[in-house]
Amino acid sequence: MIVKYNLIKTEKNTKARLGKIETNYGTFDTPMFMPVGTRGTVKSLNPEEVKACHSGIVLANTYHLWLRPGEDIVDLCGGLHKFMNYDGPILTDSGGYQVFSLAKNKKDITEEGVNFKSHIDGKKLLLTPEKSIEIQNKLDSDIAMSFDECPPASATHEYLENSVKRTLRWAERGKKVHNNPRQALFGIVQGGPYEDLRKYSAIETVKMNFDGYSIGGVANDGESKEDMYKAIDYSVPYLPEDKLRYLMGVGEPVDILEGVERGVDIFDCVLPTRIARHGQAFTRDGKINLNNAKYKTDLDPIEKDCDCYCCKNYTRAYIRHLISVGETLGGRLLSIHNIRFLIRLTEEIREAIEKDSFLEYKKEFLDRYEKR
RNA sequence: GCGUCAUUGGUGAAGUGGUUAACACGCUAGUUUGUGGCACUAGUAUGCGUGAGUUCGAUUCUCACAUGGCGCC
């Protein structure tokens, strides 16, 4: 069995969709937020804690697991689920994003693949579409991503046009070598903020008949939110109704709301865990920084009505202390809260879509969140 | 008691007879969107133990005092 998407309804007033994903590890509701566990772990949390946040799919990264410990070792250990002891669905990113973050210049990106040096020992490496898929097959994730080029926001239309075409050729090459019957394979739409490129990329990618589609190349490099929303608007009309839509790397609460409104089903983002390790927490009233002196004697939880382990057991004063002295428990507790916060957001979004009141919910949420 | 060396912000400290007193930590605030790096950015001493003197000008030189370290009786 591979991942299957069932559309339940599209909201009356928007493109917001309610759906279910059948996976090897049970059925999950969408819209969904996926925590990121790059190196085979959602940083600082164990699988029980991740699950306690009501997580569905968790993300892992092909590039990192390829370098360490290597896909053969993961395979030897019984696949990624067994290896990291997560008995829920796992999506592996293809390493495409690392092309963006690791390739030092355009010369490193060739038709064959991407040349770069290992960040660990400086060894020269070549990642190709075939290699990425082969690694993902061995990791045995539930959803594999096509190997794409994720260009910076500063890329020109001319550059993006070539990049989009190359990504299509790469998608085709990856699809040819994909041979894990338990694993779905998703295609990725690129094209920056340009309508013609997104349309072309979406139509051509969909022709290849992937199990799901993602919108990539957003939220990079200081890209404006307007460009991100354009990228979604220009891609979604060409994606099939009966397949999952994934907005890669997003995001902040406001971006999840904007994405859902535009027809996106699933999201992933490093933000909840990264900002947590730097002492910040999402709340209904906006993001707060526990480093701030005003929390020294604050005996409230991060959020009074939050049902997460962190909020049910600890005060802001204690978490502020942990963060301030550099104890890892502080980042752990905030990671739990932040992940639960975004997942709870998607739960409420689903309820709103069900009642055809998504826009009211969005307005209410943002009015409070952005008021500060 | 005598000698000697020291005394710079919340802390550890650099430094100079003359514009805004280095750096680090801390502190204060901000940033973080398919996580190589667990960080990055900005702000933070109107003052250099106290008092007097030399000088156009002293945190920097001189003297006294205070406090502290060390040595000697």
# chains A, B, ... in the order shown; residues from 1 in each chain; ligands from 1
>>> residues_around(residues="range 61-65 of chain B", least_positions_apart="6", cutoff="12 Å", atoms="only C-alpha atoms (C1' of nucleotides)", output="mmCIF file with N, CA and C atoms (P, O5', C5', C4', C3', O3' and C1' of nucleotides), in the first residue's frame")
data_model
loop_
_atom_site.group_PDB
_atom_site.id
_atom_site.type_symbol
_atom_site.label_atom_id
_atom_site.label_comp_id
_atom_site.auth_asym_id
_atom_site.auth_seq_id
_atom_site.Cartn_x
_atom_site.Cartn_y
_atom_site.Cartn_z
ATOM 1 P P G B 17 50.936 57.565 26.077
ATOM 2 O "O5'" G B 17 49.984 58.545 26.916
ATOM 3 C "C5'" G B 17 50.337 59.816 27.147
ATOM 4 C "C4'" G B 17 49.130 60.759 26.982
ATOM 5 C "C3'" G B 17 49.324 61.663 25.773
ATOM 6 O "O3'" G B 17 48.565 61.338 24.613
ATOM 7 C "C1'" G B 17 48.879 62.895 27.811
ATOM 8 P P G B 49 40.783 54.599 38.868
ATOM 9 O "O5'" G B 49 39.738 54.954 40.023
ATOM 10 C "C5'" G B 49 38.624 54.106 40.276
ATOM 11 C "C4'" G B 49 38.254 54.175 41.741
ATOM 12 C "C3'" G B 49 38.316 55.580 42.344
ATOM 13 O "O3'" G B 49 37.092 56.254 42.143
ATOM 14 C "C1'" G B 49 39.500 54.069 43.723
ATOM 15 P P U B 50 37.092 57.812 41.832
ATOM 16 O "O5'" U B 50 37.436 58.437 43.259
ATOM 17 C "C5'" U B 50 36.478 58.405 44.316
ATOM 18 C "C4'" U B 50 37.033 59.133 45.516
ATOM 19 C "C3'" U B 50 37.586 60.522 45.240
ATOM 20 O "O3'" U B 50 36.556 61.500 45.219
ATOM 21 C "C1'" U B 50 39.155 59.325 46.526
ATOM 22 P P G B 51 36.777 62.786 44.290
ATOM 23 O "O5'" G B 51 37.938 63.581 45.037
ATOM 24 C "C5'" G B 51 37.670 64.226 46.276
ATOM 25 C "C4'" G B 51 38.956 64.781 46.859
ATOM 26 C "C3'" G B 51 39.705 65.766 45.977
ATOM 27 O "O3'" G B 51 39.160 67.063 46.037
ATOM 28 C "C1'" G B 51 41.234 64.226 46.914
ATOM 29 P P A B 52 39.422 68.079 44.794
ATOM 30 O "O5'" A B 52 40.987 68.363 44.820
ATOM 31 C "C5'" A B 52 41.513 69.404 45.649
ATOM 32 C "C4'" A B 52 43.015 69.303 45.738
ATOM 33 C "C3'" A B 52 43.798 69.773 44.516
ATOM 34 O "O3'" A B 52 43.907 71.175 44.442
ATOM 35 C "C1'" A B 52 44.711 67.742 45.299
ATOM 36 P P G B 53 44.070 71.866 43.009
ATOM 37 O "O5'" G B 53 45.537 71.445 42.532
ATOM 38 C "C5'" G B 53 46.675 71.987 43.197
ATOM 39 C "C4'" G B 53 47.933 71.300 42.738
ATOM 40 C "C3'" G B 53 48.338 71.517 41.288
ATOM 41 O "O3'" G B 53 48.999 72.755 41.113
ATOM 42 C "C1'" G B 53 48.574 69.230 41.831
ATOM 43 P P U B 54 49.000 73.474 39.679
ATOM 44 O "O5'" U B 54 49.936 72.515 38.828
ATOM 45 C "C5'" U B 54 51.347 72.493 39.036
ATOM 46 C "C4'" U B 54 51.992 71.605 37.993
ATOM 47 C "C3'" U B 54 51.639 71.932 36.552
ATOM 48 O "O3'" U B 54 52.418 73.008 36.049
ATOM 49 C "C1'" U B 54 51.449 69.598 36.895
ATOM 50 P P U B 55 51.723 74.190 35.272
ATOM 51 O "O5'" U B 55 51.207 73.473 33.960
ATOM 52 C "C5'" U B 55 52.125 72.921 33.032
ATOM 53 C "C4'" U B 55 51.371 72.145 31.975
ATOM 54 C "C3'" U B 55 50.243 72.908 31.290
ATOM 55 O "O3'" U B 55 50.730 73.759 30.271
ATOM 56 C "C1'" U B 55 49.503 70.740 31.875
#
>>> interface_residues(of="chain A", to="chain B", cutoff="6 Å", atoms="only C-alpha atoms (C1' of nucleotides)", output="mmCIF file with N, CA and C atoms, in the first residue's frame")
data_model
loop_
_atom_site.group_PDB
_atom_site.id
_atom_site.type_symbol
_atom_site.label_atom_id
_atom_site.label_comp_id
_atom_site.auth_asym_id
_atom_site.auth_seq_id
_atom_site.Cartn_x
_atom_site.Cartn_y
_atom_site.Cartn_z
ATOM 1 N N TYR A 97 16.775 20.601 -1.357
ATOM 2 C CA TYR A 97 16.990 21.843 -0.626
ATOM 3 C C TYR A 97 18.468 22.050 -0.329
ATOM 4 N N HIS A 119 29.870 18.480 4.140
ATOM 5 C CA HIS A 119 30.109 19.448 5.219
ATOM 6 C C HIS A 119 30.817 18.785 6.379
ATOM 7 N N ALA A 219 9.723 30.337 0.515
ATOM 8 C CA ALA A 219 10.228 30.574 1.868
ATOM 9 C C ALA A 219 11.747 30.474 1.956
ATOM 10 N N MET A 248 6.309 23.043 0.620
ATOM 11 C CA MET A 248 7.544 22.654 1.296
ATOM 12 C C MET A 248 8.194 23.775 2.121
ATOM 13 N N GLY A 249 8.483 23.425 3.369
ATOM 14 C CA GLY A 249 9.269 24.336 4.205
ATOM 15 C C GLY A 249 8.476 25.419 4.907
ATOM 16 N N VAL A 250 7.166 25.347 4.857
ATOM 17 C CA VAL A 250 6.323 26.404 5.415
ATOM 18 C C VAL A 250 5.493 25.837 6.561
ATOM 19 N N GLY A 251 5.349 26.479 7.669
ATOM 20 C CA GLY A 251 5.867 27.806 7.907
ATOM 21 C C GLY A 251 5.344 28.390 9.179
#
>>> select_by_dssp(residues="range 32-277 of chain A", states="strand (DSSP E)", output="PyMOL selection string")
chain A and resi 32-35+58-61+90-93+114-117+124-127+143-145+184-189+212-215+244-247+266-269
>>> residues_around(residues="range 143-159 of chain A", least_positions_apart="6", cutoff="9 Å", atoms="only C-alpha atoms (C1' of nucleotides)", output="PDB file with C-alpha atoms, in the first residue's frame")
ATOM      1  CA  ILE A   2       1.162   3.511  -0.713  1.00  0.00           C
ATOM      2  CA  VAL A   3      -0.033   6.819   0.547  1.00  0.00           C
ATOM      3  CA  PRO A  89       4.453   7.810   8.388  1.00  0.00           C
ATOM      4  CA  ILE A  90       7.760   9.363   7.338  1.00  0.00           C
ATOM      5  CA  LEU A  91       8.423  11.637   4.391  1.00  0.00           C
ATOM      6  CA  THR A  92      11.989  12.019   3.152  1.00  0.00           C
ATOM      7  CA  ASP A  93      13.136  15.207   1.514  1.00  0.00           C
ATOM      8  CA  SER A  94      15.222  14.454  -1.560  1.00  0.00           C
ATOM      9  CA  GLY A  95      18.241  16.586  -0.781  1.00  0.00           C
ATOM     10  CA  GLY A  96      16.992  19.166  -3.254  1.00  0.00           C
ATOM     11  CA  TYR A  97      16.990  21.843  -0.626  1.00  0.00           C
ATOM     12  CA  GLN A  98      20.597  21.038   0.193  1.00  0.00           C
ATOM     13  CA  VAL A  99      21.413  21.770  -3.434  1.00  0.00           C
ATOM     14  CA  PHE A 100      20.277  25.251  -2.641  1.00  0.00           C
ATOM     15  CA  SER A 101      22.089  25.524   0.674  1.00  0.00           C
ATOM     16  CA  ILE A 109      24.777  22.223 -10.693  1.00  0.00           C
ATOM     17  CA  THR A 128      21.926  12.784  -8.776  1.00  0.00           C
ATOM     18  CA  PRO A 129      18.185  12.261  -9.185  1.00  0.00           C
ATOM     19  CA  GLU A 130      18.765   8.512  -9.436  1.00  0.00           C
ATOM     20  CA  SER A 132      18.499  10.416  -4.296  1.00  0.00           C
ATOM     21  CA  ILE A 133      15.656   8.043  -5.148  1.00  0.00           C
ATOM     22  CA  GLN A 136      15.142   7.033  -0.299  1.00  0.00           C
ATOM     23  CA  ASN A 137      14.083   3.559  -1.476  1.00  0.00           C
ATOM     24  CA  ARG A 166      16.057  20.608 -15.566  1.00  0.00           C
ATOM     25  CA  THR A 167      13.952  19.769 -12.506  1.00  0.00           C
ATOM     26  CA  LEU A 168      11.389  18.151 -14.839  1.00  0.00           C
ATOM     27  CA  TRP A 170      15.394  15.107 -13.020  1.00  0.00           C
ATOM     28  CA  ALA A 171      11.864  14.138 -11.910  1.00  0.00           C
ATOM     29  CA  GLU A 172      11.547  11.843 -14.900  1.00  0.00           C
ATOM     30  CA  GLY A 174      14.046   9.683 -10.564  1.00  0.00           C
ATOM     31  CA  LYS A 175      10.680   8.185 -11.368  1.00  0.00           C
ATOM     32  CA  ARG A 182       5.587   0.575  -0.099  1.00  0.00           C
ATOM     33  CA  GLN A 183       6.710   4.094  -0.930  1.00  0.00           C
ATOM     34  CA  ALA A 184       4.865   6.946  -2.650  1.00  0.00           C
ATOM     35  CA  LEU A 185       6.785   9.365  -4.874  1.00  0.00           C
ATOM     36  CA  PHE A 186       5.903  13.054  -5.104  1.00  0.00           C
ATOM     37  CA  GLY A 187       6.744  15.546  -7.831  1.00  0.00           C
ATOM     38  CA  ILE A 188       7.785  19.129  -7.146  1.00  0.00           C
ATOM     39  CA  VAL A 189       6.540  22.262  -8.872  1.00  0.00           C
ATOM     40  CA  GLN A 190       9.086  25.054  -9.227  1.00  0.00           C
ATOM     41  CA  GLY A 191       9.126  28.375 -11.085  1.00  0.00           C
ATOM     42  CA  GLY A 192       9.566  31.106  -8.471  1.00  0.00           C
ATOM     43  CA  PRO A 193       6.905  33.811  -8.420  1.00  0.00           C
ATOM     44  CA  TYR A 194       6.247  33.628 -12.178  1.00  0.00           C
ATOM     45  CA  LEU A 197       6.778  29.048 -15.144  1.00  0.00           C
ATOM     46  CA  ASP A 211       1.397  10.120  -6.103  1.00  0.00           C
ATOM     47  CA  SER A 214       4.494  19.737  -3.775  1.00  0.00           C
ATOM     48  CA  GLY A 216       8.805  24.065  -3.794  1.00  0.00           C
ATOM     49  CA  GLY A 217      11.176  26.967  -3.934  1.00  0.00           C
ATOM     50  CA  VAL A 218       9.230  29.041  -1.446  1.00  0.00           C
ATOM     51  CA  ALA A 219      10.228  30.574   1.868  1.00  0.00           C
ATOM     52  CA  ASN A 220      13.881  30.812   0.885  1.00  0.00           C
ATOM     53  CA  ASP A 221      16.406  33.473   1.304  1.00  0.00           C
ATOM     54  CA  GLY A 222      14.195  36.311   2.431  1.00  0.00           C
ATOM     55  CA  GLU A 223      11.574  35.742  -0.250  1.00  0.00           C
ATOM     56  CA  SER A 224       8.580  38.005   0.275  1.00  0.00           C
ATOM     57  CA  ASP A 227       5.910  35.906  -3.850  1.00  0.00           C
TER      58      ASP A 227
END
>>> select_by_dssp(residues="range 30-224 of chain A", states="helix (DSSP H, G or I)", output="PyMOL selection string")
chain A and resi 47-52+62-67+71-76+80-84+96-102+106-108+129-139+157-177+195-207
>>> atom_distance(atom1="CA of Gly113 in chain A", atom2="CA of Leu125 in chain A")
10.1 Å
>>> residues_around(residues="range 12-24 of chain A", least_positions_apart="6", cutoff="10 Å", atoms="only C-alpha atoms (C1' of nucleotides)", output="VMD selection string")
chain A and resid 1 to 6 30 to 32 56 to 57 87 to 90 142 to 143 182 to 184 236 to 237 241 to 244 257 to 265 349 to 359
>>> residues_around(residues="Gly79 in chain A", least_positions_apart="3", cutoff="12 Å", atoms="only C-alpha atoms (C1' of nucleotides)", output="PDB file with N, CA and C atoms, in the first residue's frame")
ATOM      1  N   GLY A  40      16.898  12.010  11.375  1.00  0.00           N
ATOM      2  CA  GLY A  40      16.304  10.828  11.966  1.00  0.00           C
ATOM      3  C   GLY A  40      15.832  11.068  13.383  1.00  0.00           C
ATOM      4  N   LEU A  65      21.019  11.711   6.046  1.00  0.00           N
ATOM      5  CA  LEU A  65      21.079  10.287   6.387  1.00  0.00           C
ATOM      6  C   LEU A  65      21.992   9.524   5.418  1.00  0.00           C
ATOM      7  N   GLY A  70      24.437   6.661   6.638  1.00  0.00           N
ATOM      8  CA  GLY A  70      24.458   5.979   5.335  1.00  0.00           C
ATOM      9  C   GLY A  70      23.222   5.112   5.203  1.00  0.00           C
ATOM     10  N   GLU A  71      22.655   5.098   3.992  1.00  0.00           N
ATOM     11  CA  GLU A  71      21.387   4.383   3.786  1.00  0.00           C
ATOM     12  C   GLU A  71      21.520   2.869   4.008  1.00  0.00           C
ATOM     13  N   ASP A  72      22.731   2.332   3.786  1.00  0.00           N
ATOM     14  CA  ASP A  72      22.902   0.888   3.978  1.00  0.00           C
ATOM     15  C   ASP A  72      22.780   0.503   5.450  1.00  0.00           C
ATOM     16  N   ILE A  73      23.284   1.372   6.297  1.00  0.00           N
ATOM     17  CA  ILE A  73      23.175   1.090   7.736  1.00  0.00           C
ATOM     18  C   ILE A  73      21.720   1.186   8.184  1.00  0.00           C
ATOM     19  N   VAL A  74      21.015   2.190   7.694  1.00  0.00           N
ATOM     20  CA  VAL A  74      19.593   2.317   8.032  1.00  0.00           C
ATOM     21  C   VAL A  74      18.847   1.074   7.541  1.00  0.00           C
ATOM     22  N   ASP A  75      19.186   0.640   6.336  1.00  0.00           N
ATOM     23  CA  ASP A  75      18.577  -0.548   5.745  1.00  0.00           C
ATOM     24  C   ASP A  75      18.851  -1.775   6.614  1.00  0.00           C
ATOM     25  N   LEU A  76      20.109  -1.895   7.008  1.00  0.00           N
ATOM     26  CA  LEU A  76      20.529  -3.007   7.861  1.00  0.00           C
ATOM     27  C   LEU A  76      19.750  -3.016   9.183  1.00  0.00           C
ATOM     28  N   LYS A  82      12.012   1.640  11.922  1.00  0.00           N
ATOM     29  CA  LYS A  82      12.567   0.832  12.994  1.00  0.00           C
ATOM     30  C   LYS A  82      13.774   1.528  13.596  1.00  0.00           C
ATOM     31  N   PHE A  83      14.600   2.059  12.709  1.00  0.00           N
ATOM     32  CA  PHE A  83      15.843   2.718  13.122  1.00  0.00           C
ATOM     33  C   PHE A  83      15.567   3.836  14.125  1.00  0.00           C
ATOM     34  N   MET A  84      14.620   4.716  13.800  1.00  0.00           N
ATOM     35  CA  MET A  84      14.340   5.840  14.711  1.00  0.00           C
ATOM     36  C   MET A  84      13.153   5.566  15.636  1.00  0.00           C
ATOM     37  N   ASN A  85      12.623   4.348  15.551  1.00  0.00           N
ATOM     38  CA  ASN A  85      11.527   3.953  16.431  1.00  0.00           C
ATOM     39  C   ASN A  85      10.301   4.856  16.308  1.00  0.00           C
ATOM     40  N   TYR A  86       9.999   5.258  15.065  1.00  0.00           N
ATOM     41  CA  TYR A  86       8.785   6.043  14.835  1.00  0.00           C
ATOM     42  C   TYR A  86       7.808   5.204  14.025  1.00  0.00           C
ATOM     43  N   ASP A  87       6.699   4.805  14.662  1.00  0.00           N
ATOM     44  CA  ASP A  87       5.753   3.959  13.938  1.00  0.00           C
ATOM     45  C   ASP A  87       4.622   4.789  13.347  1.00  0.00           C
ATOM     46  N   ILE A  90       6.578   8.512   7.481  1.00  0.00           N
ATOM     47  CA  ILE A  90       7.760   9.363   7.338  1.00  0.00           C
ATOM     48  C   ILE A  90       7.884   9.808   5.888  1.00  0.00           C
ATOM     49  N   ILE A 135      18.563   6.114  -2.584  1.00  0.00           N
ATOM     50  CA  ILE A 135      18.767   6.264  -1.141  1.00  0.00           C
ATOM     51  C   ILE A 135      17.421   6.225  -0.416  1.00  0.00           C
ATOM     52  N   GLN A 136      16.462   6.978  -0.935  1.00  0.00           N
ATOM     53  CA  GLN A 136      15.142   7.033  -0.299  1.00  0.00           C
ATOM     54  C   GLN A 136      14.445   5.669  -0.326  1.00  0.00           C
ATOM     55  N   ASN A 137      14.624   4.924  -1.402  1.00  0.00           N
ATOM     56  CA  ASN A 137      14.083   3.559  -1.476  1.00  0.00           C
ATOM     57  C   ASN A 137      14.618   2.721  -0.336  1.00  0.00           C
ATOM     58  N   LYS A 138      15.916   2.848  -0.106  1.00  0.00           N
ATOM     59  CA  LYS A 138      16.540   2.061   0.952  1.00  0.00           C
ATOM     60  C   LYS A 138      16.140   2.531   2.345  1.00  0.00           C
ATOM     61  N   LEU A 139      16.017   3.850   2.495  1.00  0.00           N
ATOM     62  CA  LEU A 139      15.608   4.374   3.804  1.00  0.00           C
ATOM     63  C   LEU A 139      14.216   3.843   4.144  1.00  0.00           C
ATOM     64  N   ASP A 140      13.435   3.567   3.096  1.00  0.00           N
ATOM     65  CA  ASP A 140      12.102   2.990   3.242  1.00  0.00           C
ATOM     66  C   ASP A 140      11.123   3.936   3.932  1.00  0.00           C
ATOM     67  N   SER A 141      11.178   5.196   3.533  1.00  0.00           N
ATOM     68  CA  SER A 141      10.188   6.156   4.018  1.00  0.00           C
ATOM     69  C   SER A 141       8.873   5.881   3.301  1.00  0.00           C
ATOM     70  N   ASP A 142       7.803   6.510   3.776  1.00  0.00           N
ATOM     71  CA  ASP A 142       6.496   6.288   3.160  1.00  0.00           C
ATOM     72  C   ASP A 142       6.274   7.183   1.952  1.00  0.00           C
ATOM     73  N   ARG A 182       6.227   0.033  -1.311  1.00  0.00           N
ATOM     74  CA  ARG A 182       5.587   0.575  -0.099  1.00  0.00           C
ATOM     75  C   ARG A 182       5.680   2.097  -0.043  1.00  0.00           C
TER      76      ARG A 182
END
>>> closest_residue(among="A:Phe365, A:Phe33, A:Tyr229, A:Phe28", to="Arg344 in chain A", atoms="only C-alpha atoms")
A:Phe33
>>> atom_distance(atom1="CA of Asn338 in chain A", atom2="CA of Gly26 in chain A")
24.1 Å
>>> residues_around(residues="A6 in chain B", least_positions_apart="6", cutoff="12 Å", atoms="only C-alpha atoms (C1' of nucleotides)", output="VMD selection string")
chain B and resid 49 67 to 70
>>> write_last_selection(atoms="N, CA and C atoms (P, O5', C5', C4', C3', O3' and C1' of nucleotides)", output="CSV table (one decimal), in the first residue's frame")
chain,number,residue,atom,x,y,z
B,49,G,P,40.8,54.6,38.9
B,49,G,O5',39.7,55.0,40.0
B,49,G,C5',38.6,54.1,40.3
B,49,G,C4',38.3,54.2,41.7
B,49,G,C3',38.3,55.6,42.3
B,49,G,O3',37.1,56.3,42.1
B,49,G,C1',39.5,54.1,43.7
B,67,U,P,41.7,51.6,54.8
B,67,U,O5',41.4,50.6,53.6
B,67,U,C5',40.0,50.3,53.2
B,67,U,C4',40.0,49.6,51.9
B,67,U,C3',40.9,48.4,51.8
B,67,U,O3',40.3,47.2,52.5
B,67,U,C1',41.2,49.6,49.9
B,68,G,P,41.3,46.2,53.2
B,68,G,O5',41.9,45.4,51.9
B,68,G,C5',41.1,44.5,51.2
B,68,G,C4',41.8,44.1,49.9
B,68,G,C3',43.1,43.4,50.1
B,68,G,O3',42.9,42.0,50.4
B,68,G,C1',43.4,45.0,48.4
B,69,G,P,44.1,41.2,51.2
B,69,G,O5',45.1,40.9,50.1
B,69,G,C5',44.8,40.0,49.0
B,69,G,C4',45.9,39.9,48.0
B,69,G,C3',47.3,39.5,48.7
B,69,G,O3',47.4,38.1,48.9
B,69,G,C1',47.6,41.4,47.2
B,70,C,P,48.3,37.6,50.1
B,70,C,O5',49.8,37.9,49.6
B,70,C,C5',50.3,37.3,48.5
B,70,C,C4',51.7,37.9,48.2
B,70,C,C3',52.7,37.9,49.3
B,70,C,O3',53.3,36.7,49.4
B,70,C,C1',52.6,40.0,48.3
>>> atom_distance(atom1="CA of Ser324 in chain A", atom2="CA of Thr273 in chain A")
17.0 Å
>>> closest_residue(among="B:U11, B:U31, B:U59, B:U20", to="G47 in chain B", atoms="only C-alpha atoms (C1' of nucleotides)")
B:U59
>>> decode(residues="range 18-89 of chain A", atoms="C-alpha atoms", output="PDB file, in the first residue's frame")
ATOM      1  CA  LEU A  18     -10.496  18.767   4.100  1.00  0.00           C
ATOM      2  CA  GLY A  19      -9.082  15.338   3.427  1.00  0.00           C
ATOM      3  CA  LYS A  20      -7.733  12.085   4.726  1.00  0.00           C
ATOM      4  CA  ILE A  21      -4.471  10.366   3.936  1.00  0.00           C
ATOM      5  CA  GLU A  22      -4.329   6.610   4.118  1.00  0.00           C
ATOM      6  CA  THR A  23      -0.817   5.513   4.908  1.00  0.00           C
ATOM      7  CA  ASN A  24       1.071   2.388   5.908  1.00  0.00           C
ATOM      8  CA  TYR A  25       0.689   3.638   9.475  1.00  0.00           C
ATOM      9  CA  GLY A  26      -2.965   4.566   9.639  1.00  0.00           C
ATOM     10  CA  THR A  27      -5.241   7.296   8.380  1.00  0.00           C
ATOM     11  CA  PHE A  28      -4.584  10.969   9.046  1.00  0.00           C
ATOM     12  CA  ASP A  29      -6.562  14.152   8.531  1.00  0.00           C
ATOM     13  CA  THR A  30      -5.481  17.100   6.428  1.00  0.00           C
ATOM     14  CA  PRO A  31      -4.620  19.956   6.502  1.00  0.00           C
ATOM     15  CA  MET A  32      -1.637  18.693   8.446  1.00  0.00           C
ATOM     16  CA  PHE A  33       1.574  20.083   9.854  1.00  0.00           C
ATOM     17  CA  MET A  34       4.644  17.802   9.751  1.00  0.00           C
ATOM     18  CA  PRO A  35       7.431  18.218  12.294  1.00  0.00           C
ATOM     19  CA  VAL A  36      10.931  18.036  10.849  1.00  0.00           C
ATOM     20  CA  GLY A  37      13.349  15.346  11.967  1.00  0.00           C
ATOM     21  CA  THR A  38      16.224  15.996   9.608  1.00  0.00           C
ATOM     22  CA  ARG A  39      18.735  13.490  10.894  1.00  0.00           C
ATOM     23  CA  GLY A  40      16.304  10.828  11.966  1.00  0.00           C
ATOM     24  CA  THR A  41      15.041  12.681  15.013  1.00  0.00           C
ATOM     25  CA  VAL A  42      12.834  15.645  15.681  1.00  0.00           C
ATOM     26  CA  LYS A  43      15.572  17.554  17.434  1.00  0.00           C
ATOM     27  CA  SER A  44      15.619  16.943  21.191  1.00  0.00           C
ATOM     28  CA  LEU A  45      12.347  14.952  21.250  1.00  0.00           C
ATOM     29  CA  ASN A  46      11.781  11.227  21.418  1.00  0.00           C
ATOM     30  CA  PRO A  47       9.081   9.604  19.251  1.00  0.00           C
ATOM     31  CA  GLU A  48       6.635   9.345  22.156  1.00  0.00           C
ATOM     32  CA  GLU A  49       6.859  13.090  22.694  1.00  0.00           C
ATOM     33  CA  VAL A  50       6.381  13.764  18.993  1.00  0.00           C
ATOM     34  CA  LYS A  51       3.341  11.520  18.953  1.00  0.00           C
ATOM     35  CA  ALA A  52       1.964  13.210  22.049  1.00  0.00           C
ATOM     36  CA  CYS A  53       1.801  16.380  19.944  1.00  0.00           C
ATOM     37  CA  HIS A  54      -0.688  14.434  17.772  1.00  0.00           C
ATOM     38  CA  SER A  55       1.762  14.272  14.919  1.00  0.00           C
ATOM     39  CA  GLY A  56       1.039  12.459  11.676  1.00  0.00           C
ATOM     40  CA  ILE A  57       3.805  12.417   9.110  1.00  0.00           C
ATOM     41  CA  VAL A  58       7.331  13.292  10.211  1.00  0.00           C
ATOM     42  CA  LEU A  59      10.006  14.540   7.833  1.00  0.00           C
ATOM     43  CA  ALA A  60      13.540  13.209   7.510  1.00  0.00           C
ATOM     44  CA  ASN A  61      16.330  14.229   5.198  1.00  0.00           C
ATOM     45  CA  THR A  62      17.968  12.128   2.516  1.00  0.00           C
ATOM     46  CA  TYR A  63      21.156  14.144   2.285  1.00  0.00           C
ATOM     47  CA  HIS A  64      21.910  13.955   5.996  1.00  0.00           C
ATOM     48  CA  LEU A  65      21.079  10.287   6.387  1.00  0.00           C
ATOM     49  CA  TRP A  66      23.081   9.501   3.249  1.00  0.00           C
ATOM     50  CA  LEU A  67      26.202  11.044   4.790  1.00  0.00           C
ATOM     51  CA  ARG A  68      25.602   9.685   8.259  1.00  0.00           C
ATOM     52  CA  PRO A  69      24.980   6.900   9.018  1.00  0.00           C
ATOM     53  CA  GLY A  70      24.458   5.979   5.335  1.00  0.00           C
ATOM     54  CA  GLU A  71      21.387   4.383   3.786  1.00  0.00           C
ATOM     55  CA  ASP A  72      22.902   0.888   3.978  1.00  0.00           C
ATOM     56  CA  ILE A  73      23.175   1.090   7.736  1.00  0.00           C
ATOM     57  CA  VAL A  74      19.593   2.317   8.032  1.00  0.00           C
ATOM     58  CA  ASP A  75      18.577  -0.548   5.745  1.00  0.00           C
ATOM     59  CA  LEU A  76      20.529  -3.007   7.861  1.00  0.00           C
ATOM     60  CA  CYS A  77      18.698  -1.699  10.933  1.00  0.00           C
ATOM     61  CA  GLY A  78      15.367  -2.507   9.325  1.00  0.00           C
ATOM     62  CA  GLY A  79      14.556   0.798   7.637  1.00  0.00           C
ATOM     63  CA  LEU A  80      14.009   4.279   8.950  1.00  0.00           C
ATOM     64  CA  HIS A  81      10.890   3.543  11.006  1.00  0.00           C
ATOM     65  CA  LYS A  82      12.567   0.832  12.994  1.00  0.00           C
ATOM     66  CA  PHE A  83      15.843   2.718  13.122  1.00  0.00           C
ATOM     67  CA  MET A  84      14.340   5.840  14.711  1.00  0.00           C
ATOM     68  CA  ASN A  85      11.527   3.953  16.431  1.00  0.00           C
ATOM     69  CA  TYR A  86       8.785   6.043  14.835  1.00  0.00           C
ATOM     70  CA  ASP A  87       5.753   3.959  13.938  1.00  0.00           C
ATOM     71  CA  GLY A  88       4.077   6.731  11.994  1.00  0.00           C
ATOM     72  CA  PRO A  89       4.453   7.810   8.388  1.00  0.00           C
TER      73      PRO A  89
END
